[in-house]
$ cat work-v4.txt   # compact mmCIF, N, CA and C atoms
# COMPACT_ATOMS: atom_id res chain seq x y z
N MET I 1 97.57 134.73 139.66
CA MET I 1 98.40 135.90 139.83
C MET I 1 99.43 135.62 140.92
N ILE I 2 100.60 136.16 140.72
CA ILE I 2 101.69 135.97 141.67
C ILE I 2 102.18 137.32 142.17
N VAL I 3 102.50 137.38 143.45
CA VAL I 3 103.09 138.58 144.05
C VAL I 3 104.42 138.14 144.64
N ILE I 4 105.49 138.81 144.21
CA ILE I 4 106.83 138.45 144.67
C ILE I 4 107.46 139.64 145.37
N ASP I 5 108.01 139.37 146.54
CA ASP I 5 108.73 140.35 147.31
C ASP I 5 110.04 139.68 147.71
N HIS I 6 111.14 140.41 147.61
CA HIS I 6 112.38 139.79 148.05
C HIS I 6 113.13 140.72 148.96
N GLN I 7 113.87 140.11 149.84
CA GLN I 7 114.71 140.83 150.78
C GLN I 7 116.03 140.07 150.82
N ALA I 8 116.94 140.50 151.64
CA ALA I 8 118.24 139.85 151.70
C ALA I 8 118.08 138.35 151.97
N ASN I 9 118.59 137.54 151.07
CA ASN I 9 118.63 136.09 151.22
C ASN I 9 117.27 135.40 151.30
N ARG I 10 116.22 136.07 150.85
CA ARG I 10 114.89 135.44 150.89
C ARG I 10 114.01 135.96 149.76
N VAL I 11 113.18 135.06 149.23
CA VAL I 11 112.18 135.41 148.24
C VAL I 11 110.82 135.01 148.82
N ASN I 12 109.89 135.98 148.84
CA ASN I 12 108.54 135.74 149.33
C ASN I 12 107.58 135.71 148.15
N VAL I 13 106.78 134.67 148.09
CA VAL I 13 105.85 134.50 146.98
C VAL I 13 104.45 134.24 147.53
N SER I 14 103.48 134.97 146.99
CA SER I 14 102.06 134.72 147.29
C SER I 14 101.35 134.47 145.97
N VAL I 15 100.53 133.45 145.94
CA VAL I 15 99.77 133.13 144.74
C VAL I 15 98.29 133.34 145.05
N VAL I 16 97.64 134.11 144.17
CA VAL I 16 96.20 134.37 144.30
C VAL I 16 95.54 133.89 143.01
N GLY I 17 94.57 133.01 143.15
CA GLY I 17 93.91 132.47 141.96
C GLY I 17 94.73 131.36 141.35
N GLU I 18 94.68 131.26 140.03
CA GLU I 18 95.40 130.19 139.34
C GLU I 18 96.88 130.54 139.19
N PHE I 19 97.73 129.56 139.46
CA PHE I 19 99.18 129.69 139.31
C PHE I 19 99.52 129.24 137.89
N THR I 20 99.94 130.18 137.05
CA THR I 20 100.19 129.90 135.64
C THR I 20 101.68 129.78 135.35
N LEU I 21 101.99 129.30 134.17
CA LEU I 21 103.39 129.18 133.76
C LEU I 21 104.07 130.54 133.69
N ALA I 22 103.35 131.56 133.25
CA ALA I 22 103.92 132.91 133.21
C ALA I 22 104.29 133.37 134.63
N ASP I 23 103.45 133.05 135.61
CA ASP I 23 103.75 133.37 137.00
C ASP I 23 105.01 132.65 137.45
N TYR I 24 105.09 131.37 137.13
CA TYR I 24 106.24 130.59 137.56
C TYR I 24 107.53 131.10 136.93
N LYS I 25 107.47 131.48 135.67
CA LYS I 25 108.64 132.04 134.99
C LYS I 25 109.11 133.32 135.68
N GLU I 26 108.16 134.14 136.13
CA GLU I 26 108.51 135.36 136.87
C GLU I 26 109.24 135.00 138.17
N PHE I 27 108.73 134.01 138.86
CA PHE I 27 109.37 133.51 140.08
C PHE I 27 110.79 133.03 139.78
N GLU I 28 110.94 132.24 138.73
CA GLU I 28 112.26 131.72 138.36
C GLU I 28 113.26 132.85 138.11
N GLU I 29 112.81 133.88 137.43
CA GLU I 29 113.70 135.00 137.11
C GLU I 29 114.22 135.67 138.37
N VAL I 30 113.35 135.90 139.34
CA VAL I 30 113.76 136.53 140.60
C VAL I 30 114.74 135.62 141.35
N VAL I 31 114.40 134.34 141.45
CA VAL I 31 115.28 133.40 142.17
C VAL I 31 116.64 133.31 141.49
N ASN I 32 116.66 133.20 140.18
CA ASN I 32 117.94 133.12 139.47
C ASN I 32 118.81 134.34 139.75
N PHE I 33 118.22 135.52 139.76
CA PHE I 33 118.96 136.75 140.06
C PHE I 33 119.50 136.71 141.48
N LYS I 34 118.63 136.37 142.44
CA LYS I 34 119.04 136.35 143.85
C LYS I 34 120.18 135.35 144.07
N VAL I 35 120.04 134.16 143.54
CA VAL I 35 121.04 133.12 143.74
C VAL I 35 122.36 133.51 143.10
N ARG I 36 122.28 134.11 141.94
CA ARG I 36 123.51 134.51 141.25
C ARG I 36 124.32 135.52 142.05
N PHE I 37 123.63 136.46 142.71
CA PHE I 37 124.34 137.53 143.41
C PHE I 37 124.43 137.35 144.92
N GLU I 38 123.61 136.45 145.50
CA GLU I 38 123.62 136.28 146.95
C GLU I 38 123.92 134.86 147.39
N GLY I 39 123.90 133.92 146.50
CA GLY I 39 124.06 132.52 146.89
C GLY I 39 122.73 131.93 147.30
N PRO I 40 122.74 130.79 147.99
CA PRO I 40 121.49 130.12 148.38
C PRO I 40 120.56 131.03 149.17
N VAL I 41 119.27 130.91 148.90
CA VAL I 41 118.26 131.76 149.53
C VAL I 41 117.19 130.91 150.22
N ASP I 42 116.44 131.56 151.09
CA ASP I 42 115.24 130.96 151.68
C ASP I 42 114.06 131.32 150.80
N LEU I 43 113.05 130.46 150.78
CA LEU I 43 111.82 130.72 150.04
C LEU I 43 110.64 130.67 150.99
N TYR I 44 109.72 131.60 150.80
CA TYR I 44 108.46 131.62 151.54
C TYR I 44 107.35 131.62 150.51
N PHE I 45 106.52 130.57 150.52
CA PHE I 45 105.39 130.46 149.60
C PHE I 45 104.10 130.51 150.38
N ASP I 46 103.26 131.51 150.11
CA ASP I 46 101.92 131.57 150.67
C ASP I 46 100.96 131.11 149.58
N LEU I 47 100.46 129.90 149.72
CA LEU I 47 99.57 129.32 148.73
C LEU I 47 98.15 129.18 149.25
N THR I 48 97.82 129.92 150.31
CA THR I 48 96.50 129.81 150.93
C THR I 48 95.38 130.33 150.03
N GLN I 49 95.72 131.21 149.08
CA GLN I 49 94.70 131.76 148.19
C GLN I 49 94.83 131.23 146.76
N MET I 50 95.65 130.19 146.59
CA MET I 50 95.83 129.61 145.27
C MET I 50 94.61 128.75 144.93
N ALA I 51 94.03 129.01 143.77
CA ALA I 51 92.85 128.26 143.33
C ALA I 51 93.24 126.99 142.61
N GLY I 52 94.44 126.94 142.11
CA GLY I 52 94.91 125.78 141.36
C GLY I 52 96.13 126.16 140.56
N LEU I 53 96.68 125.17 139.87
CA LEU I 53 97.82 125.45 139.02
C LEU I 53 97.67 124.65 137.74
N THR I 54 98.33 125.14 136.72
CA THR I 54 98.26 124.46 135.44
C THR I 54 99.29 123.32 135.43
N LEU I 55 99.06 122.32 134.61
CA LEU I 55 99.94 121.17 134.54
C LEU I 55 101.36 121.57 134.15
N ASP I 56 101.49 122.56 133.28
CA ASP I 56 102.83 122.99 132.89
C ASP I 56 103.59 123.62 134.04
N VAL I 57 102.89 124.19 135.03
CA VAL I 57 103.56 124.72 136.22
C VAL I 57 104.14 123.57 137.04
N ALA I 58 103.36 122.52 137.21
CA ALA I 58 103.85 121.37 137.97
C ALA I 58 105.11 120.79 137.34
N TRP I 59 105.11 120.65 136.02
CA TRP I 59 106.28 120.12 135.32
C TRP I 59 107.46 121.08 135.43
N GLU I 60 107.21 122.37 135.28
CA GLU I 60 108.28 123.37 135.38
C GLU I 60 108.90 123.36 136.77
N GLU I 61 108.07 123.15 137.80
CA GLU I 61 108.59 123.11 139.16
C GLU I 61 109.55 121.94 139.36
N VAL I 62 109.21 120.79 138.81
CA VAL I 62 110.09 119.63 138.90
C VAL I 62 111.43 119.94 138.22
N LYS I 63 111.39 120.48 137.02
CA LYS I 63 112.62 120.80 136.29
C LYS I 63 113.45 121.85 137.03
N PHE I 64 112.79 122.89 137.52
CA PHE I 64 113.49 123.98 138.21
C PHE I 64 114.12 123.47 139.50
N SER I 65 113.38 122.68 140.26
CA SER I 65 113.90 122.14 141.52
C SER I 65 115.13 121.27 141.30
N ARG I 66 115.08 120.45 140.28
CA ARG I 66 116.23 119.59 139.99
C ARG I 66 117.45 120.42 139.55
N ALA I 67 117.22 121.46 138.78
CA ALA I 67 118.32 122.30 138.30
C ALA I 67 118.91 123.18 139.40
N HIS I 68 118.14 123.42 140.45
CA HIS I 68 118.58 124.32 141.53
C HIS I 68 118.61 123.60 142.87
N ALA I 69 119.02 122.36 142.85
CA ALA I 69 118.98 121.52 144.05
C ALA I 69 119.74 122.10 145.24
N ASN I 70 120.79 122.87 144.98
CA ASN I 70 121.62 123.39 146.07
C ASN I 70 121.49 124.90 146.25
N ASP I 71 120.46 125.49 145.68
CA ASP I 71 120.31 126.95 145.71
C ASP I 71 119.35 127.46 146.78
N PHE I 72 118.85 126.56 147.62
CA PHE I 72 117.90 126.95 148.65
C PHE I 72 118.36 126.45 150.01
N LYS I 73 118.15 127.29 151.04
CA LYS I 73 118.48 126.88 152.40
C LYS I 73 117.24 126.30 153.07
N ARG I 74 116.20 127.11 153.15
CA ARG I 74 114.94 126.68 153.78
C ARG I 74 113.78 127.11 152.90
N ILE I 75 112.77 126.27 152.86
CA ILE I 75 111.57 126.56 152.09
C ILE I 75 110.37 126.38 153.01
N ALA I 76 109.63 127.47 153.20
CA ALA I 76 108.41 127.44 154.01
C ALA I 76 107.21 127.56 153.09
N VAL I 77 106.28 126.63 153.20
CA VAL I 77 105.08 126.64 152.39
C VAL I 77 103.88 126.77 153.32
N VAL I 78 103.05 127.77 153.05
CA VAL I 78 101.84 127.99 153.85
C VAL I 78 100.65 127.57 152.99
N THR I 79 99.90 126.60 153.49
CA THR I 79 98.75 126.09 152.75
C THR I 79 97.80 125.36 153.69
N ASP I 80 96.57 125.24 153.27
CA ASP I 80 95.61 124.40 153.99
C ASP I 80 95.16 123.24 153.10
N SER I 81 95.85 123.08 151.97
CA SER I 81 95.52 122.04 151.01
C SER I 81 96.38 120.80 151.24
N GLN I 82 95.73 119.66 151.40
CA GLN I 82 96.47 118.41 151.58
C GLN I 82 97.28 118.07 150.33
N TRP I 83 96.73 118.38 149.15
CA TRP I 83 97.43 118.10 147.90
C TRP I 83 98.71 118.93 147.81
N VAL I 84 98.65 120.20 148.16
CA VAL I 84 99.84 121.06 148.12
C VAL I 84 100.86 120.59 149.15
N THR I 85 100.39 120.17 150.31
CA THR I 85 101.29 119.64 151.33
C THR I 85 102.03 118.42 150.79
N TRP I 86 101.31 117.52 150.19
CA TRP I 86 101.90 116.32 149.61
C TRP I 86 102.92 116.70 148.54
N SER I 87 102.56 117.64 147.68
CA SER I 87 103.45 118.09 146.62
C SER I 87 104.74 118.70 147.18
N ALA I 88 104.62 119.45 148.27
CA ALA I 88 105.80 120.06 148.90
C ALA I 88 106.75 118.99 149.41
N TRP I 89 106.20 117.95 149.99
CA TRP I 89 107.06 116.87 150.50
C TRP I 89 107.74 116.13 149.35
N ILE I 90 107.03 115.94 148.25
CA ILE I 90 107.64 115.30 147.08
C ILE I 90 108.78 116.19 146.55
N SER I 91 108.56 117.50 146.48
CA SER I 91 109.58 118.42 145.98
C SER I 91 110.85 118.36 146.81
N GLN I 92 110.70 118.02 148.09
CA GLN I 92 111.86 117.96 148.97
C GLN I 92 112.88 116.93 148.49
N THR I 93 112.44 115.94 147.73
CA THR I 93 113.37 114.93 147.23
C THR I 93 114.32 115.50 146.18
N PHE I 94 113.96 116.66 145.60
CA PHE I 94 114.77 117.25 144.54
C PHE I 94 115.72 118.34 145.03
N VAL I 95 115.53 118.82 146.24
CA VAL I 95 116.36 119.93 146.72
C VAL I 95 117.04 119.56 148.04
N ASN I 96 118.22 120.12 148.24
CA ASN I 96 118.95 119.94 149.49
C ASN I 96 118.64 121.12 150.40
N ALA I 97 117.40 121.18 150.85
CA ALA I 97 116.94 122.28 151.70
C ALA I 97 116.00 121.72 152.75
N ASP I 98 115.86 122.46 153.83
CA ASP I 98 114.83 122.12 154.82
C ASP I 98 113.51 122.63 154.29
N VAL I 99 112.53 121.75 154.15
CA VAL I 99 111.21 122.12 153.66
C VAL I 99 110.21 121.87 154.78
N GLU I 100 109.44 122.89 155.11
CA GLU I 100 108.40 122.78 156.14
C GLU I 100 107.10 123.32 155.59
N VAL I 101 106.01 122.68 155.96
CA VAL I 101 104.68 123.12 155.56
C VAL I 101 103.96 123.63 156.79
N PHE I 102 103.32 124.79 156.66
CA PHE I 102 102.62 125.44 157.77
C PHE I 102 101.20 125.77 157.36
N ASP I 103 100.32 125.85 158.34
CA ASP I 103 98.97 126.34 158.06
C ASP I 103 98.80 127.76 158.57
N ASN I 104 99.89 128.35 159.07
CA ASN I 104 99.87 129.69 159.64
C ASN I 104 101.07 130.49 159.11
N ALA I 105 100.79 131.63 158.50
CA ALA I 105 101.85 132.45 157.90
C ALA I 105 102.85 132.96 158.93
N ASP I 106 102.38 133.36 160.09
CA ASP I 106 103.30 133.88 161.12
C ASP I 106 104.28 132.81 161.59
N GLU I 107 103.80 131.58 161.73
CA GLU I 107 104.69 130.49 162.14
C GLU I 107 105.74 130.24 161.05
N ALA I 108 105.32 130.27 159.80
CA ALA I 108 106.26 130.05 158.70
C ALA I 108 107.33 131.13 158.66
N LYS I 109 106.92 132.37 158.79
CA LYS I 109 107.88 133.47 158.78
C LYS I 109 108.81 133.39 159.99
N GLY I 110 108.27 133.02 161.14
CA GLY I 110 109.08 132.86 162.34
C GLY I 110 110.15 131.78 162.17
N TRP I 111 109.76 130.68 161.53
CA TRP I 111 110.70 129.60 161.29
C TRP I 111 111.82 130.08 160.36
N LEU I 112 111.51 130.85 159.35
CA LEU I 112 112.53 131.35 158.45
C LEU I 112 113.46 132.37 159.12
N GLU I 113 112.96 133.07 160.11
CA GLU I 113 113.75 134.11 160.77
C GLU I 113 114.62 133.56 161.89
N GLN I 114 114.47 132.30 162.23
CA GLN I 114 115.28 131.69 163.30
C GLN I 114 116.74 131.69 162.94
$ encode --input "work-v4.txt" --output "structure tokens"
Amino acid sequence: MIVIDHQANRVNVSVVGEFTLADYKEFEEVVNFKVRFEGPVDLYFDLTQMAGLTLDVAWEEVKFSRAHANDFKRIAVVTDSQWVTWSAWISQTFVNADVEVFDNADEAKGWLEQ
């Protein structure tokens, strides 16, 4: 399940349980709208409660990141998973954004608000 909240120039995403392709498509729709009307945005991903993701989500993320390489300013990822941390660093090769991984949500939000 995905929970999306957006504010001016930022999209906040929390994933609870399995991250599915339908969830990712919902995320894409919000980001596409925001970028179209506001330009590049910041992203906040809270993945601390994510149980896993489907293979099609991983592939969709690669495609989406490559297609939107210049649509993000900063991306903050909150996780305690080494695999997700590694994945975030790999994703950084596809986007022209500052990507930081945090184990604390408050630190991640603080970094985005700087």
$ residues_around --input "work-v4.txt" --residues "segment 76-80 of chain I" --least-positions-apart "6" --cutoff "7 Å" --atoms "only C-alpha atoms" --output "PyMOL selection string"
chain I and resi 43-48+99-105+108
$ atom_distance --input "work-v4.txt" --atom1 "atom C of Leu55 of chain I" --atom2 "atom C of Asn9 of chain I"
27.2 Å
$ atom_distance --input "work-v4.txt" --atom1 "atom N of Ala58 of chain I" --atom2 "atom N of Asn96 of chain I"
18.7 Å
$ atom_distance --input "work-v4.txt" --atom1 "atom CA of Gly110 of chain I" --atom2 "atom CA of Asn12 of chain I"
13.3 Å
$ select_by_dssp --input "work-v4.txt" --residues "chain I" --states "strand (DSSP E or B)" --output "MDAnalysis selection string"
chainID I and resid 2:7 10:19 41:53 72:78 98:102
$ closest_residue --input "work-v4.txt" --among "I:Val95, I:Val62, I:Met1, I:Val41" --to "Val15 of chain I" --atoms "all atoms listed in the file"
I:Met1
